[in-house]
$ cat upload.cif   # mmCIF, C-alpha atoms
data_final
loop_
_atom_site.group_PDB
_atom_site.id
_atom_site.type_symbol
_atom_site.label_atom_id
_atom_site.label_comp_id
_atom_site.auth_asym_id
_atom_site.auth_seq_id
_atom_site.Cartn_x
_atom_site.Cartn_y
_atom_site.Cartn_z
ATOM 1 C CA LYS Q 230 83.977 260.966 116.935
ATOM 2 C CA GLN Q 231 85.004 258.410 114.330
ATOM 3 C CA GLU Q 232 85.208 259.666 110.763
ATOM 4 C CA VAL Q 233 85.798 257.437 107.747
ATOM 5 C CA THR Q 234 87.030 258.729 104.401
ATOM 6 C CA GLN Q 235 87.254 256.856 101.114
ATOM 7 C CA ILE Q 236 89.343 257.835 98.126
ATOM 8 C CA PRO Q 237 88.683 257.998 95.241
ATOM 9 C CA ALA Q 238 84.962 258.777 95.187
ATOM 10 C CA ALA Q 239 84.670 257.246 91.738
ATOM 11 C CA LEU Q 240 86.879 255.130 89.538
ATOM 12 C CA SER Q 241 86.553 253.850 85.981
ATOM 13 C CA VAL Q 242 88.990 251.243 84.682
ATOM 14 C CA PRO Q 243 89.216 248.871 81.726
ATOM 15 C CA GLU Q 244 88.579 245.202 82.326
ATOM 16 C CA GLY Q 245 91.608 243.243 83.558
ATOM 17 C CA GLU Q 246 93.246 246.040 85.525
ATOM 18 C CA ASN Q 247 94.337 245.641 89.107
ATOM 19 C CA LEU Q 248 93.088 248.432 91.338
ATOM 20 C CA VAL Q 249 93.280 249.765 94.889
ATOM 21 C CA LEU Q 250 90.565 251.448 96.907
ATOM 22 C CA ASN Q 251 91.544 253.455 99.957
ATOM 23 C CA CYS Q 252 89.880 253.945 103.312
ATOM 24 C CA SER Q 253 91.084 256.014 106.272
ATOM 25 C CA PHE Q 254 89.639 256.436 109.754
ATOM 26 C CA THR Q 255 90.397 258.926 112.494
ATOM 27 C CA ASP Q 256 90.123 256.794 115.646
ATOM 28 C CA SER Q 257 92.462 253.793 115.609
ATOM 29 C CA ALA Q 258 90.780 252.153 118.633
ATOM 30 C CA ILE Q 259 88.814 249.729 116.480
ATOM 31 C CA TYR Q 260 88.421 245.987 116.771
ATOM 32 C CA ASN Q 261 87.625 245.306 113.136
ATOM 33 C CA LEU Q 262 87.090 246.880 109.737
ATOM 34 C CA GLN Q 263 84.621 245.654 107.149
ATOM 35 C CA TRP Q 264 84.503 246.133 103.392
ATOM 36 C CA PHE Q 265 81.091 245.960 101.731
ATOM 37 C CA ARG Q 266 79.813 246.020 98.196
ATOM 38 C CA GLN Q 267 76.553 247.716 97.205
ATOM 39 C CA ASP Q 268 74.923 247.252 93.808
ATOM 40 C CA PRO Q 269 72.476 249.947 92.598
ATOM 41 C CA GLY Q 270 69.152 249.706 94.398
ATOM 42 C CA LYS Q 271 70.347 246.846 96.577
ATOM 43 C CA GLY Q 272 71.463 246.288 100.143
ATOM 44 C CA LEU Q 273 75.045 245.742 101.291
ATOM 45 C CA THR Q 274 77.016 242.555 100.813
ATOM 46 C CA SER Q 275 79.901 241.902 103.196
ATOM 47 C CA LEU Q 276 83.138 241.200 101.342
ATOM 48 C CA LEU Q 277 85.813 241.009 103.999
ATOM 49 C CA LEU Q 278 86.194 241.585 107.730
ATOM 50 C CA ILE Q 279 89.674 242.270 109.069
ATOM 51 C CA GLN Q 280 90.182 241.867 112.772
ATOM 52 C CA SER Q 281 92.277 244.477 114.549
ATOM 53 C CA SER Q 282 94.969 241.873 115.191
ATOM 54 C CA GLN Q 283 95.253 241.051 111.478
ATOM 55 C CA ARG Q 284 97.124 242.917 108.792
ATOM 56 C CA GLU Q 285 95.311 241.479 105.797
ATOM 57 C CA GLN Q 286 92.496 239.232 104.670
ATOM 58 C CA THR Q 287 91.950 237.588 101.293
ATOM 59 C CA SER Q 288 88.921 236.274 99.450
ATOM 60 C CA GLY Q 289 89.362 235.221 95.853
ATOM 61 C CA ARG Q 290 90.517 238.226 93.819
ATOM 62 C CA LEU Q 291 90.053 240.552 96.783
ATOM 63 C CA ASN Q 292 92.701 241.411 99.332
ATOM 64 C CA ALA Q 293 92.152 243.879 102.161
ATOM 65 C CA SER Q 294 94.916 245.247 104.333
ATOM 66 C CA LEU Q 295 94.724 247.095 107.633
ATOM 67 C CA ASP Q 296 97.240 249.434 109.242
ATOM 68 C CA LYS Q 297 95.535 250.344 112.475
ATOM 69 C CA SER Q 298 98.239 252.653 113.782
ATOM 70 C CA SER Q 299 98.055 254.884 110.723
ATOM 71 C CA GLY Q 300 94.266 254.576 110.409
ATOM 72 C CA ARG Q 301 94.272 253.113 106.920
ATOM 73 C CA SER Q 302 92.890 250.187 104.979
ATOM 74 C CA THR Q 303 93.111 249.277 101.318
ATOM 75 C CA LEU Q 304 91.022 246.956 99.194
ATOM 76 C CA TYR Q 305 92.945 245.446 96.305
ATOM 77 C CA ILE Q 306 90.964 243.964 93.416
ATOM 78 C CA ALA Q 307 92.950 241.826 91.011
ATOM 79 C CA ALA Q 308 92.090 241.326 87.349
ATOM 80 C CA SER Q 309 88.942 243.448 87.523
ATOM 81 C CA GLN Q 310 85.803 242.312 85.681
ATOM 82 C CA PRO Q 311 82.655 244.182 84.580
ATOM 83 C CA GLY Q 312 80.771 242.274 87.293
ATOM 84 C CA ASP Q 313 82.900 244.071 89.887
ATOM 85 C CA SER Q 314 81.132 247.332 89.013
ATOM 86 C CA ALA Q 315 79.459 248.540 92.213
ATOM 87 C CA THR Q 316 79.978 250.920 95.119
ATOM 88 C CA TYR Q 317 82.496 249.738 97.693
ATOM 89 C CA LEU Q 318 82.099 250.875 101.289
ATOM 90 C CA CYS Q 319 84.395 250.489 104.243
ATOM 91 C CA ALA Q 320 83.091 250.647 107.798
ATOM 92 C CA VAL Q 321 84.430 250.511 111.336
ATOM 93 C CA PRO Q 322 82.577 250.095 114.629
ATOM 94 C CA HIS Q 323 81.743 253.242 116.558
ATOM 95 C CA THR Q 324 84.274 253.821 119.281
ATOM 96 C CA GLY Q 325 83.302 251.599 122.188
ATOM 97 C CA ARG Q 326 80.263 250.223 120.395
ATOM 98 C CA ARG Q 327 79.440 247.764 117.648
ATOM 99 C CA ALA Q 328 77.381 249.953 115.321
ATOM 100 C CA LEU Q 329 79.281 250.892 112.173
ATOM 101 C CA THR Q 330 80.513 254.209 110.858
ATOM 102 C CA PHE Q 331 80.664 254.109 107.068
ATOM 103 C CA GLY Q 332 82.746 255.916 104.512
ATOM 104 C CA SER Q 333 80.973 257.586 101.624
ATOM 105 C CA GLY Q 334 82.075 254.836 99.245
ATOM 106 C CA THR Q 335 84.004 254.436 96.009
ATOM 107 C CA ARG Q 336 81.854 253.973 92.926
ATOM 108 C CA LEU Q 337 83.694 251.570 90.631
ATOM 109 C CA GLN Q 338 82.955 251.016 86.973
ATOM 110 C CA VAL Q 339 84.852 248.344 85.058
ATOM 111 C CA GLN Q 340 84.603 248.824 81.321
ATOM 112 C CA PRO Q 341 84.386 245.655 79.166
ATOM 113 C CA GLY A 2 69.470 229.748 105.429
ATOM 114 C CA ALA A 3 67.404 232.887 104.895
ATOM 115 C CA GLY A 4 69.076 236.261 105.105
ATOM 116 C CA VAL A 5 67.804 239.470 106.640
ATOM 117 C CA SER A 6 64.441 240.445 105.202
ATOM 118 C CA GLN A 7 62.721 243.819 105.262
ATOM 119 C CA SER A 8 59.240 244.977 104.397
ATOM 120 C CA PRO A 9 57.886 246.804 102.605
ATOM 121 C CA SER A 10 60.525 247.117 99.921
ATOM 122 C CA ASN A 11 59.109 250.491 98.888
ATOM 123 C CA LYS A 12 56.875 252.921 100.734
ATOM 124 C CA VAL A 13 55.400 256.189 99.489
ATOM 125 C CA THR A 14 53.631 258.312 102.069
ATOM 126 C CA GLU A 15 52.345 261.817 102.510
ATOM 127 C CA LYS A 16 54.033 264.325 104.766
ATOM 128 C CA GLY A 17 52.656 264.102 108.284
ATOM 129 C CA LYS A 18 51.670 260.439 108.140
ATOM 130 C CA ASP A 19 53.199 257.743 110.339
ATOM 131 C CA VAL A 20 55.054 254.773 108.805
ATOM 132 C CA GLU A 21 56.246 251.435 110.145
ATOM 133 C CA LEU A 22 59.166 249.531 108.661
ATOM 134 C CA ARG A 23 59.785 245.897 109.520
ATOM 135 C CA CYS A 24 62.985 243.853 109.803
ATOM 136 C CA ASP A 25 63.318 240.089 110.206
ATOM 137 C CA PRO A 26 66.901 239.272 111.216
ATOM 138 C CA ILE A 27 68.767 236.067 110.534
ATOM 139 C CA SER A 28 67.524 233.401 112.922
ATOM 140 C CA GLY A 29 69.695 233.186 116.029
ATOM 141 C CA HIS A 30 71.353 236.566 115.560
ATOM 142 C CA THR A 31 71.345 238.428 118.837
ATOM 143 C CA ALA A 32 72.238 241.883 117.555
ATOM 144 C CA LEU A 33 70.071 244.018 115.250
ATOM 145 C CA TYR A 34 70.895 247.401 113.746
ATOM 146 C CA TRP A 35 68.992 250.049 111.810
ATOM 147 C CA TYR A 36 70.817 252.380 109.448
ATOM 148 C CA ARG A 37 69.632 255.067 107.059
ATOM 149 C CA GLN A 38 71.107 255.827 103.649
ATOM 150 C CA SER A 39 70.227 259.152 102.098
ATOM 151 C CA LEU A 40 71.720 261.052 99.173
ATOM 152 C CA GLY A 41 73.147 263.879 101.180
ATOM 153 C CA GLN A 42 74.250 261.988 104.295
ATOM 154 C CA GLY A 43 75.565 258.623 103.193
ATOM 155 C CA LEU A 44 74.971 255.662 105.478
ATOM 156 C CA GLU A 45 74.308 256.537 109.116
ATOM 157 C CA PHE A 46 73.577 254.502 112.219
ATOM 158 C CA LEU A 47 70.160 254.889 113.858
ATOM 159 C CA ILE A 48 69.648 252.311 116.622
ATOM 160 C CA TYR A 49 71.138 249.041 117.906
ATOM 161 C CA PHE A 50 69.550 246.185 119.866
ATOM 162 C CA GLN A 51 71.541 243.513 121.682
ATOM 163 C CA GLY A 52 69.717 240.745 123.498
ATOM 164 C CA ASN A 53 67.803 242.028 126.506
ATOM 165 C CA SER A 54 70.015 245.069 127.009
ATOM 166 C CA ALA A 55 68.669 248.585 126.648
ATOM 167 C CA PRO A 56 68.943 249.648 122.998
ATOM 168 C CA ASP A 57 71.546 252.165 121.856
ATOM 169 C CA LYS A 58 69.348 254.949 120.475
ATOM 170 C CA SER A 59 72.130 257.474 120.057
ATOM 171 C CA GLY A 60 71.750 257.673 116.264
ATOM 172 C CA LEU A 61 68.047 258.497 116.121
ATOM 173 C CA PRO A 62 67.735 261.941 114.497
ATOM 174 C CA SER A 63 64.635 263.105 116.394
ATOM 175 C CA ASP A 64 61.955 261.948 118.802
ATOM 176 C CA ARG A 65 59.715 261.201 115.821
ATOM 177 C CA PHE A 66 61.806 258.062 115.327
ATOM 178 C CA SER A 67 61.403 255.002 117.542
ATOM 179 C CA ALA A 68 62.046 251.293 117.265
ATOM 180 C CA GLU A 69 61.246 248.150 119.129
ATOM 181 C CA ARG A 70 62.342 244.576 118.959
ATOM 182 C CA THR A 71 59.847 241.975 120.085
ATOM 183 C CA GLY A 72 60.933 238.643 121.521
ATOM 184 C CA GLY A 73 64.511 239.282 120.553
ATOM 185 C CA SER A 74 63.724 238.782 116.883
ATOM 186 C CA VAL A 75 61.582 240.983 114.614
ATOM 187 C CA SER A 76 62.086 244.734 114.819
ATOM 188 C CA THR A 77 59.863 247.622 113.777
ATOM 189 C CA LEU A 78 61.125 251.139 113.067
ATOM 190 C CA THR A 79 58.388 253.748 113.386
ATOM 191 C CA ILE A 80 58.574 257.266 112.012
ATOM 192 C CA GLN A 81 55.835 259.579 113.212
ATOM 193 C CA ARG A 82 54.655 262.696 111.382
ATOM 194 C CA THR A 83 56.966 262.023 108.453
ATOM 195 C CA GLN A 84 58.859 264.889 106.827
ATOM 196 C CA GLN A 85 60.307 265.097 103.330
ATOM 197 C CA GLU A 86 63.826 264.896 104.745
ATOM 198 C CA ASP A 87 62.963 261.425 106.082
ATOM 199 C CA SER A 88 63.044 260.134 102.488
ATOM 200 C CA ALA A 89 65.847 257.605 102.353
ATOM 201 C CA VAL A 90 66.636 253.911 102.225
ATOM 202 C CA TYR A 91 66.311 252.313 105.645
ATOM 203 C CA LEU A 92 68.617 249.337 106.079
ATOM 204 C CA CYS A 93 68.495 246.682 108.752
ATOM 205 C CA ALA A 94 71.406 244.444 109.694
ATOM 206 C CA SER A 95 71.911 241.598 112.124
ATOM 207 C CA SER A 96 74.900 239.820 113.578
ATOM 208 C CA LEU A 97 75.793 236.996 115.896
ATOM 209 C CA GLU A 98 77.814 238.800 118.517
ATOM 210 C CA VAL A 99 81.003 237.114 119.604
ATOM 211 C CA ALA A 100 83.674 238.149 122.047
ATOM 212 C CA GLY A 101 86.012 240.842 120.833
ATOM 213 C CA GLY A 102 83.564 242.325 118.356
ATOM 214 C CA GLN A 103 84.705 240.212 115.429
ATOM 215 C CA GLU A 104 81.258 239.575 114.021
ATOM 216 C CA THR A 105 80.142 240.364 110.487
ATOM 217 C CA GLN A 106 76.995 242.415 110.032
ATOM 218 C CA TYR A 107 74.578 241.063 107.408
ATOM 219 C CA PHE A 108 72.306 243.557 105.727
ATOM 220 C CA GLY A 109 68.793 243.319 104.355
ATOM 221 C CA PRO A 110 67.759 244.793 100.982
ATOM 222 C CA GLY A 111 66.339 247.922 102.584
ATOM 223 C CA THR A 112 63.060 249.826 102.523
ATOM 224 C CA ARG A 113 62.947 252.803 100.166
ATOM 225 C CA LEU A 114 60.838 255.496 101.793
ATOM 226 C CA LEU A 115 59.568 258.480 99.828
ATOM 227 C CA VAL A 116 57.717 261.222 101.664
ATOM 228 C CA LEU A 117 55.733 263.487 99.342
#
$ encode --input "upload.cif" --output "structure tokens"
Amino acid sequence: KQEVTQIPAALSVPEGENLVLNCSFTDSAIYNLQWFRQDPGKGLTSLLLIQSSQREQTSGRLNASLDKSSGRSTLYIAASQPGDSATYLCAVPHTGRRALTFGSGTRLQVQP
Amino acid sequence: GAGVSQSPSNKVTEKGKDVELRCDPISGHTALYWYRQSLGQGLEFLIYFQGNSAPDKSGLPSDRFSAERTGGSVSTLTIQRTQQEDSAVYLCASSLEVAGGQETQYFGPGTRLLVL
């Protein structure tokens, strides 16, 4: 059974800092990993999808890396802004299926 | 184009009543997923539809939960005889499935269900 863990559970940083969110998964037989953002009371917004054959993916100030063999992914946020405040979730497909198993999320607060 | 839409956005019901939650996926998306997000459990998979294949119901927590997808588009999640532990946000997602499982899932805003 796939299990996904995210560390830290919560993070508060001053504006402008670079930061790293961590995600680990127990079953490395995945074909992709997705990072999502969730604002309070809202649905999920997809940020990045890393294919199993890729080692990293970038979008603007976001960079996600994937080390499938060690079961780890990181989301790097450069020059954080108050608008980045949200919960960040990583998710991988269930083993052999396409439905996602989610981590419990990292709640990020960027102080102005 | 339009994203995934869900209705109602909020639903308050009494214990024991039945509820129906609706999901309209992105047009042309062949795969549709239901997930549930509750305070104690995080985000968990419920059911998955792909084209005309039999749905993957392995995440449904009990036989009070059922879902259907009509015409390969709109889906309805039904909860019978609701219990207080069913209170959660029910999220729907859709994707355009491609070979190798490299598709992104797009989520709706969710339906917030409160069972009194």
$ residues_near_point --input "upload.cif" --point "(69.9, 255.7, 104.5)" --cutoff "10 Å" --atoms "all atoms listed in the file" --output "list in words"
Trp35, Tyr36, Arg37, Gln38, Ser39, Leu40, Gly41, Gln42, Gly43, Leu44, Glu45, Phe46, Leu47, Asp87, Ser88, Ala89, Val90, Tyr91, Leu92, Gly111, Thr112, Arg113 and Leu114 of chain A
$ write_last_selection --input "upload.cif" --atoms "C-alpha atoms" --output "mmCIF file, keeping the file's coordinate frame"
data_model
loop_
_atom_site.group_PDB
_atom_site.id
_atom_site.type_symbol
_atom_site.label_atom_id
_atom_site.label_comp_id
_atom_site.auth_asym_id
_atom_site.auth_seq_id
_atom_site.Cartn_x
_atom_site.Cartn_y
_atom_site.Cartn_z
ATOM 1 C CA TRP A 35 68.992 250.049 111.810
ATOM 2 C CA TYR A 36 70.817 252.380 109.448
ATOM 3 C CA ARG A 37 69.632 255.067 107.059
ATOM 4 C CA GLN A 38 71.107 255.827 103.649
ATOM 5 C CA SER A 39 70.227 259.152 102.098
ATOM 6 C CA LEU A 40 71.720 261.052 99.173
ATOM 7 C CA GLY A 41 73.147 263.879 101.180
ATOM 8 C CA GLN A 42 74.250 261.988 104.295
ATOM 9 C CA GLY A 43 75.565 258.623 103.193
ATOM 10 C CA LEU A 44 74.971 255.662 105.478
ATOM 11 C CA GLU A 45 74.308 256.537 109.116
ATOM 12 C CA PHE A 46 73.577 254.502 112.219
ATOM 13 C CA LEU A 47 70.160 254.889 113.858
ATOM 14 C CA ASP A 87 62.963 261.425 106.082
ATOM 15 C CA SER A 88 63.044 260.134 102.488
ATOM 16 C CA ALA A 89 65.847 257.605 102.353
ATOM 17 C CA VAL A 90 66.636 253.911 102.225
ATOM 18 C CA TYR A 91 66.311 252.313 105.645
ATOM 19 C CA LEU A 92 68.617 249.337 106.079
ATOM 20 C CA GLY A 111 66.339 247.922 102.584
ATOM 21 C CA THR A 112 63.060 249.826 102.523
ATOM 22 C CA ARG A 113 62.947 252.803 100.166
ATOM 23 C CA LEU A 114 60.838 255.496 101.793
#
$ closest_residue --input "upload.cif" --among "A:Gln51, A:Ser28, A:Ser10, A:Thr105" --to "chain Q" --atoms "only C-alpha atoms"
A:Thr105
$ residues_around --input "upload.cif" --residues "region 317-328 of chain Q" --least-positions-apart "2" --cutoff "6 Å" --atoms "all atoms listed in the file" --output "list in words"
Leu262, Gln263, Trp264, Phe265, Arg266, Thr330, Phe331, Gly332, Gly334 and Thr335 of chain Q
$ residues_around --input "upload.cif" --residues "Tyr305 (chain Q)" --least-positions-apart "3" --cutoff "9 Å" --atoms "only C-alpha atoms" --output "list of chain:residue names"
Q:Asn247, Q:Leu248, Q:Val249, Q:Leu250, Q:Asn251, Q:Arg290, Q:Leu291, Q:Asn292, Q:Ala293, Q:Ser294
$ residues_around --input "upload.cif" --residues "region 76-84 of chain A" --least-positions-apart "6" --cutoff "12 Å" --atoms "all atoms listed in the file" --output "ChimeraX atom specification"
/A:5-9,12-27,31-37,47-51,56,58,61-70,91-95,112,114-117
$ atom_distance --input "upload.cif" --atom1 "CA of Thr234 (chain Q)" --atom2 "CA of Leu337 (chain Q)"
15.9 Å
$ atom_distance --input "upload.cif" --atom1 "CA of Glu98 (chain A)" --atom2 "CA of Leu278 (chain Q)"
13.9 Å
$ build_atoms --input "upload.cif" --residues "region 5-40 of chain A" --atoms "N, CA and C atoms" --output "PDB file, in the frame of the given file"
ATOM      1  N   VAL A   5      68.606 238.435 106.004  1.00  0.00           N
ATOM      2  CA  VAL A   5      67.804 239.470 106.640  1.00  0.00           C
ATOM      3  C   VAL A   5      66.738 239.915 105.644  1.00  0.00           C
ATOM      4  N   SER A   6      65.503 239.975 106.083  1.00  0.00           N
ATOM      5  CA  SER A   6      64.441 240.445 105.202  1.00  0.00           C
ATOM      6  C   SER A   6      63.805 241.702 105.765  1.00  0.00           C
ATOM      7  N   GLN A   7      63.344 242.562 104.860  1.00  0.00           N
ATOM      8  CA  GLN A   7      62.721 243.819 105.262  1.00  0.00           C
ATOM      9  C   GLN A   7      61.448 244.026 104.462  1.00  0.00           C
ATOM     10  N   SER A   8      60.481 244.663 105.107  1.00  0.00           N
ATOM     11  CA  SER A   8      59.240 244.977 104.397  1.00  0.00           C
ATOM     12  C   SER A   8      58.680 246.298 104.910  1.00  0.00           C
ATOM     13  N   PRO A   9      57.978 247.073 104.041  1.00  0.00           N
ATOM     14  CA  PRO A   9      57.886 246.804 102.605  1.00  0.00           C
ATOM     15  C   PRO A   9      59.200 247.132 101.904  1.00  0.00           C
ATOM     16  N   SER A  10      59.306 246.768 100.656  1.00  0.00           N
ATOM     17  CA  SER A  10      60.525 247.117  99.921  1.00  0.00           C
ATOM     18  C   SER A  10      60.495 248.579  99.494  1.00  0.00           C
ATOM     19  N   ASN A  11      59.298 249.085  99.238  1.00  0.00           N
ATOM     20  CA  ASN A  11      59.109 250.491  98.888  1.00  0.00           C
ATOM     21  C   ASN A  11      57.901 251.029  99.630  1.00  0.00           C
ATOM     22  N   LYS A  12      57.986 252.284 100.037  1.00  0.00           N
ATOM     23  CA  LYS A  12      56.875 252.921 100.734  1.00  0.00           C
ATOM     24  C   LYS A  12      56.810 254.383 100.315  1.00  0.00           C
ATOM     25  N   VAL A  13      55.634 254.785  99.804  1.00  0.00           N
ATOM     26  CA  VAL A  13      55.400 256.189  99.489  1.00  0.00           C
ATOM     27  C   VAL A  13      54.329 256.682 100.444  1.00  0.00           C
ATOM     28  N   THR A  14      54.581 257.789 101.111  1.00  0.00           N
ATOM     29  CA  THR A  14      53.631 258.312 102.069  1.00  0.00           C
ATOM     30  C   THR A  14      53.538 259.829 101.938  1.00  0.00           C
ATOM     31  N   GLU A  15      52.512 260.367 102.535  1.00  0.00           N
ATOM     32  CA  GLU A  15      52.345 261.817 102.510  1.00  0.00           C
ATOM     33  C   GLU A  15      52.951 262.417 103.765  1.00  0.00           C
ATOM     34  N   LYS A  16      53.470 263.606 103.627  1.00  0.00           N
ATOM     35  CA  LYS A  16      54.033 264.325 104.766  1.00  0.00           C
ATOM     36  C   LYS A  16      53.019 264.371 105.901  1.00  0.00           C
ATOM     37  N   GLY A  17      53.506 264.064 107.109  1.00  0.00           N
ATOM     38  CA  GLY A  17      52.656 264.102 108.284  1.00  0.00           C
ATOM     39  C   GLY A  17      52.099 262.744 108.703  1.00  0.00           C
ATOM     40  N   LYS A  18      52.166 261.774 107.797  1.00  0.00           N
ATOM     41  CA  LYS A  18      51.670 260.439 108.140  1.00  0.00           C
ATOM     42  C   LYS A  18      52.735 259.661 108.926  1.00  0.00           C
ATOM     43  N   ASP A  19      52.284 258.637 109.643  1.00  0.00           N
ATOM     44  CA  ASP A  19      53.199 257.743 110.339  1.00  0.00           C
ATOM     45  C   ASP A  19      53.488 256.530 109.452  1.00  0.00           C
ATOM     46  N   VAL A  20      54.720 255.988 109.550  1.00  0.00           N
ATOM     47  CA  VAL A  20      55.054 254.773 108.805  1.00  0.00           C
ATOM     48  C   VAL A  20      55.745 253.782 109.738  1.00  0.00           C
ATOM     49  N   GLU A  21      55.573 252.512 109.414  1.00  0.00           N
ATOM     50  CA  GLU A  21      56.246 251.435 110.145  1.00  0.00           C
ATOM     51  C   GLU A  21      57.031 250.587 109.167  1.00  0.00           C
ATOM     52  N   LEU A  22      58.289 250.349 109.489  1.00  0.00           N
ATOM     53  CA  LEU A  22      59.166 249.531 108.661  1.00  0.00           C
ATOM     54  C   LEU A  22      59.548 248.295 109.477  1.00  0.00           C
ATOM     55  N   ARG A  23      59.569 247.154 108.804  1.00  0.00           N
ATOM     56  CA  ARG A  23      59.785 245.897 109.520  1.00  0.00           C
ATOM     57  C   ARG A  23      61.099 245.246 109.094  1.00  0.00           C
ATOM     58  N   CYS A  24      61.738 244.585 110.071  1.00  0.00           N
ATOM     59  CA  CYS A  24      62.985 243.853 109.803  1.00  0.00           C
ATOM     60  C   CYS A  24      62.915 242.481 110.465  1.00  0.00           C
ATOM     61  N   ASP A  25      63.186 241.450 109.678  1.00  0.00           N
ATOM     62  CA  ASP A  25      63.318 240.089 110.206  1.00  0.00           C
ATOM     63  C   ASP A  25      64.791 239.695 110.123  1.00  0.00           C
ATOM     64  N   PRO A  26      65.460 239.585 111.258  1.00  0.00           N
ATOM     65  CA  PRO A  26      66.901 239.272 111.216  1.00  0.00           C
ATOM     66  C   PRO A  26      67.140 237.799 110.911  1.00  0.00           C
ATOM     67  N   ILE A  27      68.394 237.467 110.701  1.00  0.00           N
ATOM     68  CA  ILE A  27      68.767 236.067 110.534  1.00  0.00           C
ATOM     69  C   ILE A  27      68.491 235.333 111.852  1.00  0.00           C
ATOM     70  N   SER A  28      67.887 234.159 111.736  1.00  0.00           N
ATOM     71  CA  SER A  28      67.524 233.401 112.922  1.00  0.00           C
ATOM     72  C   SER A  28      68.750 233.136 113.800  1.00  0.00           C
ATOM     73  N   GLY A  29      68.602 233.433 115.087  1.00  0.00           N
ATOM     74  CA  GLY A  29      69.695 233.186 116.029  1.00  0.00           C
ATOM     75  C   GLY A  29      70.621 234.365 116.233  1.00  0.00           C
ATOM     76  N   HIS A  30      70.512 235.379 115.381  1.00  0.00           N
ATOM     77  CA  HIS A  30      71.353 236.566 115.560  1.00  0.00           C
ATOM     78  C   HIS A  30      70.839 237.387 116.733  1.00  0.00           C
ATOM     79  N   THR A  31      71.754 237.732 117.623  1.00  0.00           N
ATOM     80  CA  THR A  31      71.345 238.428 118.837  1.00  0.00           C
ATOM     81  C   THR A  31      71.375 239.942 118.687  1.00  0.00           C
ATOM     82  N   ALA A  32      72.121 240.440 117.732  1.00  0.00           N
ATOM     83  CA  ALA A  32      72.238 241.883 117.555  1.00  0.00           C
ATOM     84  C   ALA A  32      71.479 242.320 116.299  1.00  0.00           C
ATOM     85  N   LEU A  33      70.823 243.469 116.381  1.00  0.00           N
ATOM     86  CA  LEU A  33      70.071 244.018 115.250  1.00  0.00           C
ATOM     87  C   LEU A  33      70.322 245.508 115.178  1.00  0.00           C
ATOM     88  N   TYR A  34      70.550 246.005 113.972  1.00  0.00           N
ATOM     89  CA  TYR A  34      70.895 247.401 113.746  1.00  0.00           C
ATOM     90  C   TYR A  34      69.959 247.998 112.692  1.00  0.00           C
ATOM     91  N   TRP A  35      69.649 249.268 112.855  1.00  0.00           N
ATOM     92  CA  TRP A  35      68.992 250.049 111.810  1.00  0.00           C
ATOM     93  C   TRP A  35      69.953 251.150 111.367  1.00  0.00           C
ATOM     94  N   TYR A  36      70.037 251.313 110.053  1.00  0.00           N
ATOM     95  CA  TYR A  36      70.817 252.380 109.448  1.00  0.00           C
ATOM     96  C   TYR A  36      69.934 253.094 108.420  1.00  0.00           C
ATOM     97  N   ARG A  37      70.347 254.309 108.071  1.00  0.00           N
ATOM     98  CA  ARG A  37      69.632 255.067 107.059  1.00  0.00           C
ATOM     99  C   ARG A  37      70.641 255.521 106.015  1.00  0.00           C
ATOM    100  N   GLN A  38      70.236 255.407 104.750  1.00  0.00           N
ATOM    101  CA  GLN A  38      71.107 255.827 103.649  1.00  0.00           C
ATOM    102  C   GLN A  38      70.359 256.856 102.823  1.00  0.00           C
ATOM    103  N   SER A  39      70.855 258.094 102.867  1.00  0.00           N
ATOM    104  CA  SER A  39      70.227 259.152 102.098  1.00  0.00           C
ATOM    105  C   SER A  39      71.273 259.813 101.224  1.00  0.00           C
ATOM    106  N   LEU A  40      70.804 260.511 100.176  1.00  0.00           N
ATOM    107  CA  LEU A  40      71.720 261.052  99.173  1.00  0.00           C
ATOM    108  C   LEU A  40      72.717 262.016  99.789  1.00  0.00           C
TER     109      LEU A  40
END
